[in-house]
Amino acid sequence: MTGEEATREMPATPVPRRRRPPAGNRVSTGRVVALHAGVIALLLALQFVLPSYHHGVLARVLVLAVFAMGYNLLFGYAGLLSLGHAMFFSAGLYGAGLSIYHLGWSAPSAFAGGVISGAVLATAIGVLALRTTGVAFMIVTMMFAQVFYLTTLYFNVWTGGDQGVVLQQQARTIPFAGSTIDLTDPATRYFAALALFSVVLFSVLALVRSPRGRVLVAIRENEQRTTMLGYDTFASKLVAVVISGIVCSAAGAAYALLFGYVGSTFASVQYSILPLLWVLLGGAATTLGPFVGTLLMYYLIDLSNDVLAAWAPGWNFSAIGIVGIALILLILFFPKGLLGSIRERWVPWLP
Amino acid sequence: MAFGPHLLLAALEGLVTSAVLALMALGLSLVFGVMRVVNVAHGEFYMLGAVVAWWVASLVTGHPALGFLAALVISPLIVGAVALLAERLVLRRLDYNPEATIVATIGILYILQQLALTFYGPDARPVAAPFTYRVLFPWFGYSGYKLAVVGASVALLLVTWFVLMRTRLGLVMRATQYDRETAQAFAIPVDRVYAGVFALGAMLAAVAAVLIVPISQAHYLMGLDPLLLSFIVVIIGGLGSLRGTLVAAVLIGLSDGIISAFFQPTLAKMIATLIVALVLVFRPTGLFGTSAR
């Protein structure tokens with residue numbers, strides 16, 4: 001473009017572009033709720049069209065996305081990077097699974113048991129670990145999770161250790177209005193996963209748009225200033241850890257009930273790293289990011305395993321290499337994640 | 001065997017663990033002290049050191065000592081080069097942000113594991129010890145090589161101490177650790193010091209691995225336990241305090257050897273990890289550390 005054209009396009013007194021007034025809660029609430037309801041409606045519709053394999057995968061992804069959303073509450077909003085969230089997921093997993101396996105509890109009370117064990121554990125860990133900050137917080141959470149993992153191995157008489165325990169089908173049913181809801185049936189399983197996902201998604205949305213959620217973001221941005229403004233940051237962070245623990249243990253409990261397997265793999269370090277990866281990929285501090293990240297990563301690992309096994313047989317490619325490369329590329333070039341970047345560039349109202 | 005000799009045997013085993021742990025934890029402590037970042041991939045540099053040692057030793061024919069000595073020289077060099085590459089390509093671009101670095105080094109950890117799995121395979125393989133002399137105690141014979149490992153580790157620690165305290169290179173490192181900005185103002189190439197320290201830390205882990213590989217075998221998942229132990233040592237010793245790291249390595253190594261001789265290893269690890277987590281919660285500067293700046 002020549003200089004003359006440029007001057008013609010830019011008048012001497014620039015007309016201020018009429019920007020919308022800063023989107024207050026009332027302006028964008030409708031759009032935000034519509035977006036989330038739309039996502040859930042789409043997932044509901046997919047249940048009827050997806051082939052059975054992807055149908056099963058999506059049910060699993062929905063449960064794991066709940067895990068990621070719980071992680072995101074702490075990491076994305078409160079800015080606390082935990083490397084030990086596998087213990088909250090597996091607290092729910094074991095809390096629900098073992099109370100069915102050993103105590104013969106019904107599915108709903110086992111689910112409640114799992115969530116309560118997660119809440120109790122999260123409160124204890126939160127009180128201890130929140131005395132530290134930054135790098136020490138990461139190492140402390142990682143070590144507590146390692147203790148939890150070793151505990152599941154040590155008491156292998158009850159937990160089954162590495163082998164785990166398998167929950168029988170008749171234990172995973174809920175008597176309801178004269179008939180039974182069978183959680184092992186693929187369609188029911190999908191609906192149950194979607195129901196949990198929807199409840200958690202809207203709860204998270206409500207939380208992060210509430211004053212309490214704003215305080216968490218303020219702590220992430222500048223904790224000292226938040227303290228100076230008169231907020232009890234320790235209490236806010238503790239609440240965040242407990243809510244995050246509850247959401248993650250709900251995901252774990254649902255995983256035990258829906259997929260019928262409880263094992264110490266879910267307590268290992270890898271399951272503390274995975275939610276971090278999912279949240280980073282989808283976008284930290286976005287409500288839908290954890291789901292997008294979980295979905296993409298699951299299919300990336302799934303597809304690349306097939307492709308690499310076909311193209312380079314005998315190279316022993318496994319998920320770890322892909323997870324490693326994805327972590328480095330994300331943190332180097334894409335630290336805001338997918339939805340974070342979209343929000344920054346195009347859709348500023350994205351929650 | 002009576003209790004006394006049994007305890008001596010456990011203490012000797014613990015001493016070997018201490019020797020290797022001291023080298024490895026010193027590397028982690030140096031990196032943390034100077035660069036203020038936590039290198040989660042440290043255990044994988046150790047693993048890489050062992051795997052490269054196996055590879056080098058398998059190429060050299062003749063007396064096992066030749067292969068071992070070749071590995072002792074070549075393996076740290078290769079591992080140092082890999083670390084240097086990782087530092088230049090990844091860590092520097094993140095500007096050593098502590099949280100981003102942790103995520104990135106987790107990525108490096110997985111990539112190194114994958115590379116070892118691809119090119120080395122899932123098997124555990126040993127390297128022949130350079131000599132098989134047995135020291136005879138009145139109650140039992142003990143591997144002379146294990147005692148030599150302790151000696152070699154002490155010698156290497158002395159060399160490291162000399163470099164840090166008595167040479168210009170060490171002075172530059174200490175200055176950077178003490179105050180990065182002032183060091184830069186005095187024309188110390190902080191950027192290159194960081195790269196050097198990161199490589200040096202990885203090389204210490206690699207040397208530890210070469211020393212240990214004739215005793216335990218090289219395996220692509222061997223890095224995790226030493227990593228956690230090194231974390232424990234560095235934390236107990238006080239983050240960034242080199243002297244504390246050494247004292248803690250001897251303490252932890254000895255108690256690890258003695259506890260696992262008399263108790264179940266999983267229980268011992270559980271209790272040790274829990275105690276360390278609580279130390280970090282209630283005494284964040286460690287037992288010997290001064291308050292971190």
# chains A, B, ... in the order shown; residues from 1 in each chain; ligands from 1
call {"tool": "closest_atom_pairs", "arguments": {"of": "chain B", "to": "chain A", "cutoff": "6 Å", "atoms": "only C-alpha atoms", "output": "CSV"}}
result
residue,atom,partner,partner_atom,distance
B:Ala104,CA,A:Ile328,CA,5.1
B:Gly107,CA,A:Gly324,CA,3.8
B:Tyr110,CA,A:Gly324,CA,4.7
B:Ile111,CA,A:Gly321,CA,4.9
B:Gln114,CA,A:Gly321,CA,4.9
B:Thr118,CA,A:Trp315,CA,4.8
B:Met270,CA,A:Val147,CA,5.3
B:Ala277,CA,A:Val140,CA,5.4
call {"tool": "residues_around", "arguments": {"residues": "stretch 282-299 of chain A", "least_positions_apart": "3", "cutoff": "7 Å", "atoms": "only C-alpha atoms", "output": "list in words"}}
result
Val61, Ala65, Ala68, Met69, Asn72, Gly76, Tyr77, Leu205, Trp278, Val279, Asp302, Leu303, Lys336, Gly337, Leu338, Leu339, Gly340 and Pro351 of chain A
call {"tool": "select_by_dssp", "arguments": {"residues": "stretch 74-321 of chain A", "states": "strand (DSSP E or B)", "output": "MDAnalysis selection string"}}
result
chainID A and resid 165:166 173:176 179:182 261:262
call {"tool": "write_last_selection", "arguments": {"atoms": "C-alpha atoms", "output": "compact mmCIF listing (two decimals), in the first residue's frame"}}
result
# COMPACT_ATOMS: atom_id res chain seq x y z
CA VAL A 165 -9.74 -55.06 41.44
CA VAL A 166 -12.57 -55.44 38.97
CA THR A 173 -26.54 -50.86 39.05
CA ILE A 174 -28.91 -48.40 40.69
CA PRO A 175 -32.46 -49.50 41.54
CA PHE A 176 -34.70 -46.69 40.36
CA SER A 179 -36.48 -50.83 37.34
CA THR A 180 -32.69 -50.77 37.54
CA ILE A 181 -30.26 -48.37 35.90
CA ASP A 182 -27.39 -50.49 34.60
CA TYR A 261 -11.76 -51.08 37.36
CA VAL A 262 -9.80 -49.79 40.36
call {"tool": "select_by_dssp", "arguments": {"residues": "stretch 45-223 of chain B", "states": "alpha helix (DSSP H)", "output": "VMD selection string"}}
result
chain B and resid 45 to 59 64 to 86 98 to 119 144 to 166 168 to 178 180 to 185 190 to 212
call {"tool": "write_last_selection", "arguments": {"atoms": "C-alpha atoms", "output": "compact mmCIF listing (two decimals), in the first residue's frame"}}
result
# COMPACT_ATOMS: atom_id res chain seq x y z
CA PHE B 45 20.09 -37.87 32.79
CA TYR B 46 21.12 -40.53 35.30
CA MET B 47 19.26 -43.17 33.28
CA LEU B 48 20.83 -41.88 30.05
CA GLY B 49 24.28 -42.10 31.68
CA ALA B 50 23.72 -45.76 32.51
CA VAL B 51 22.34 -46.61 29.08
CA VAL B 52 25.20 -44.86 27.27
CA ALA B 53 27.65 -46.62 29.59
CA TRP B 54 26.20 -49.95 28.54
CA TRP B 55 26.41 -48.95 24.88
CA VAL B 56 30.04 -47.81 25.14
CA ALA B 57 31.08 -50.86 27.17
CA SER B 58 29.46 -53.16 24.62
CA LEU B 59 31.50 -51.56 21.82
CA PRO B 64 36.08 -55.22 31.13
CA ALA B 65 38.06 -52.42 32.78
CA LEU B 66 38.77 -50.87 29.35
CA GLY B 67 35.08 -50.69 28.48
CA PHE B 68 34.25 -49.33 31.91
CA LEU B 69 36.90 -46.61 31.76
CA ALA B 70 35.79 -45.63 28.25
CA ALA B 71 32.21 -45.40 29.55
CA LEU B 72 33.33 -43.32 32.52
CA VAL B 73 34.77 -40.73 30.12
CA ILE B 74 32.36 -40.83 27.19
CA SER B 75 29.03 -41.23 28.97
CA PRO B 76 29.17 -37.97 30.99
CA LEU B 77 30.31 -36.11 27.87
CA ILE B 78 27.36 -37.35 25.82
CA VAL B 79 24.89 -36.71 28.63
CA GLY B 80 26.36 -33.25 29.19
CA ALA B 81 25.90 -32.50 25.48
CA VAL B 82 22.27 -33.64 25.61
CA ALA B 83 21.66 -31.46 28.67
CA LEU B 84 23.31 -28.50 26.98
CA LEU B 85 21.07 -28.97 23.97
CA ALA B 86 17.97 -29.17 26.16
CA PRO B 98 10.31 -21.83 37.69
CA GLU B 99 6.85 -23.22 36.92
CA ALA B 100 7.27 -23.35 33.15
CA THR B 101 10.65 -25.03 33.64
CA ILE B 102 9.11 -27.77 35.75
CA VAL B 103 6.53 -28.50 33.06
CA ALA B 104 9.22 -28.43 30.36
CA THR B 105 11.58 -30.73 32.26
CA ILE B 106 8.70 -33.17 32.77
CA GLY B 107 8.44 -33.12 28.98
CA ILE B 108 12.19 -33.74 28.63
CA LEU B 109 11.85 -36.60 31.12
CA TYR B 110 9.25 -38.33 28.97
CA ILE B 111 11.15 -37.70 25.73
CA LEU B 112 14.38 -39.17 27.12
CA GLN B 113 12.46 -42.20 28.41
CA GLN B 114 10.90 -42.66 24.99
CA LEU B 115 14.28 -42.37 23.25
CA ALA B 116 15.79 -44.95 25.61
CA LEU B 117 12.84 -47.25 25.05
CA THR B 118 13.13 -46.88 21.27
CA PHE B 119 16.87 -47.24 20.87
CA GLY B 144 35.75 -54.59 46.40
CA TYR B 145 34.16 -52.71 43.52
CA LYS B 146 31.44 -51.32 45.78
CA LEU B 147 34.09 -49.94 48.12
CA ALA B 148 35.91 -48.49 45.11
CA VAL B 149 32.65 -46.71 44.16
CA VAL B 150 32.64 -45.00 47.53
CA GLY B 151 36.28 -43.96 47.03
CA ALA B 152 35.66 -42.70 43.50
CA SER B 153 32.65 -40.72 44.65
CA VAL B 154 34.62 -39.06 47.46
CA ALA B 155 37.38 -38.18 44.97
CA LEU B 156 34.88 -36.69 42.51
CA LEU B 157 33.20 -34.69 45.27
CA LEU B 158 36.59 -33.29 46.27
CA VAL B 159 37.29 -32.33 42.65
CA THR B 160 33.89 -30.63 42.43
CA TRP B 161 34.55 -28.80 45.69
CA PHE B 162 37.96 -27.69 44.41
CA VAL B 163 36.49 -26.41 41.16
CA LEU B 164 33.74 -24.52 42.98
CA MET B 165 35.89 -22.99 45.71
CA ARG B 166 39.35 -22.60 44.24
CA ARG B 168 37.86 -18.89 38.55
CA LEU B 169 35.09 -21.00 37.01
CA GLY B 170 33.73 -21.81 40.45
CA LEU B 171 33.97 -18.18 41.49
CA VAL B 172 31.87 -17.19 38.50
CA MET B 173 29.28 -19.83 39.38
CA ARG B 174 29.12 -18.76 43.00
CA ALA B 175 28.80 -15.13 42.02
CA THR B 176 25.88 -15.99 39.76
CA GLN B 177 24.26 -17.99 42.53
CA TYR B 178 24.74 -15.18 45.02
CA ARG B 180 22.49 -12.84 39.32
CA GLU B 181 22.05 -9.19 38.40
CA THR B 182 25.19 -7.91 40.09
CA ALA B 183 27.13 -10.75 38.48
CA GLN B 184 25.83 -9.66 35.10
CA ALA B 185 26.79 -6.06 35.88
CA VAL B 190 25.32 -15.36 33.24
CA ASP B 191 23.67 -16.98 30.26
CA ARG B 192 26.68 -19.20 29.56
CA VAL B 193 27.13 -19.95 33.27
CA TYR B 194 23.56 -21.27 33.35
CA ALA B 195 24.20 -23.52 30.37
CA GLY B 196 27.41 -24.79 31.93
CA VAL B 197 25.84 -25.45 35.32
CA PHE B 198 22.93 -27.33 33.76
CA ALA B 199 25.34 -29.51 31.76
CA LEU B 200 27.57 -30.03 34.81
CA GLY B 201 24.60 -31.13 36.91
CA ALA B 202 23.61 -33.67 34.27
CA MET B 203 27.22 -34.89 34.00
CA LEU B 204 27.38 -35.53 37.75
CA ALA B 205 24.22 -37.64 37.44
CA ALA B 206 25.78 -39.51 34.51
CA VAL B 207 28.98 -40.25 36.46
CA ALA B 208 26.88 -41.56 39.34
CA ALA B 209 25.06 -43.81 36.89
CA VAL B 210 28.26 -45.18 35.33
CA LEU B 211 29.56 -46.02 38.80
CA ILE B 212 26.35 -47.80 39.78
call {"tool": "residues_around", "arguments": {"residues": "A:Leu73", "least_positions_apart": "5", "cutoff": "8 Å", "atoms": "only C-alpha atoms", "output": "PyMOL selection string"}}
result
chain A and resi 78+204+240+244+285
call {"tool": "write_last_selection", "arguments": {"atoms": "N, CA and C atoms", "output": "mmCIF file, in the first residue's frame"}}
result
data_model
loop_
_atom_site.group_PDB
_atom_site.id
_atom_site.type_symbol
_atom_site.label_atom_id
_atom_site.label_comp_id
_atom_site.auth_asym_id
_atom_site.auth_seq_id
_atom_site.Cartn_x
_atom_site.Cartn_y
_atom_site.Cartn_z
ATOM 1 N N ALA A 78 -6.753 -20.427 40.462
ATOM 2 C CA ALA A 78 -6.041 -19.992 41.667
ATOM 3 C C ALA A 78 -4.530 -19.917 41.448
ATOM 4 N N VAL A 204 -18.725 -25.176 37.832
ATOM 5 C CA VAL A 204 -17.463 -24.454 37.661
ATOM 6 C C VAL A 204 -17.734 -23.073 37.069
ATOM 7 N N ALA A 240 -10.376 -23.529 47.482
ATOM 8 C CA ALA A 240 -10.102 -23.950 46.107
ATOM 9 C C ALA A 240 -9.546 -25.367 46.078
ATOM 10 N N SER A 244 -11.527 -28.395 44.351
ATOM 11 C CA SER A 244 -10.816 -29.116 43.302
ATOM 12 C C SER A 244 -10.712 -30.595 43.650
ATOM 13 N N ALA A 285 -7.635 -21.799 32.847
ATOM 14 C CA ALA A 285 -8.583 -20.757 33.224
ATOM 15 C C ALA A 285 -9.616 -20.492 32.133
#
call {"tool": "atom_distance", "arguments": {"atom1": "atom CA of B:Arg134", "atom2": "atom CA of B:Val60"}}
result
24.7 Å
call {"tool": "residues_around", "arguments": {"residues": "B:Asp123", "least_positions_apart": "5", "cutoff": "9 Å", "atoms": "only C-alpha atoms", "output": "PyMOL selection string"}}
result
chain B and resi 117+218-220
call {"tool": "residues_around", "arguments": {"residues": "B:Trp139", "least_positions_apart": "5", "cutoff": "12 Å", "atoms": "only C-alpha atoms", "output": "ChimeraX atom specification"}}
result
/B:1-9
call {"tool": "write_last_selection", "arguments": {"atoms": "C-alpha atoms", "output": "mmCIF file, in the first residue's frame"}}
result
data_model
loop_
_atom_site.group_PDB
_atom_site.id
_atom_site.type_symbol
_atom_site.label_atom_id
_atom_site.label_comp_id
_atom_site.auth_asym_id
_atom_site.auth_seq_id
_atom_site.Cartn_x
_atom_site.Cartn_y
_atom_site.Cartn_z
ATOM 1 C CA MET B 1 24.622 -63.970 60.806
ATOM 2 C CA ALA B 2 24.716 -62.112 64.130
ATOM 3 C CA PHE B 3 23.200 -58.665 64.479
ATOM 4 C CA GLY B 4 26.536 -56.768 64.472
ATOM 5 C CA PRO B 5 27.847 -58.075 61.130
ATOM 6 C CA HIS B 6 24.376 -57.770 59.642
ATOM 7 C CA LEU B 7 24.323 -54.105 60.639
ATOM 8 C CA LEU B 8 27.820 -53.644 59.167
ATOM 9 C CA LEU B 9 26.664 -55.159 55.886
#
call {"tool": "residues_around", "arguments": {"residues": "stretch 224-239 of chain B", "least_positions_apart": "2", "cutoff": "8 Å", "atoms": "only C-alpha atoms", "output": "PyMOL selection string"}}
result
chain B and resi 21+24-26+28-29+32-33+40+42-44+221-222+241-249+252+273+276+279-280+284-290+292
call {"tool": "closest_residue", "arguments": {"among": "B:Leu89, B:Ala22, B:Ile188, B:Ala10", "to": "B:Phe263", "atoms": "only C-alpha atoms"}}
result
B:Ala10
call {"tool": "atom_distance", "arguments": {"atom1": "atom CA of B:Met35", "atom2": "atom CA of A:Leu274"}}
result
26.6 Å
call {"tool": "atom_distance", "arguments": {"atom1": "atom CA of A:His85", "atom2": "atom CA of A:His54"}}
result
26.8 Å
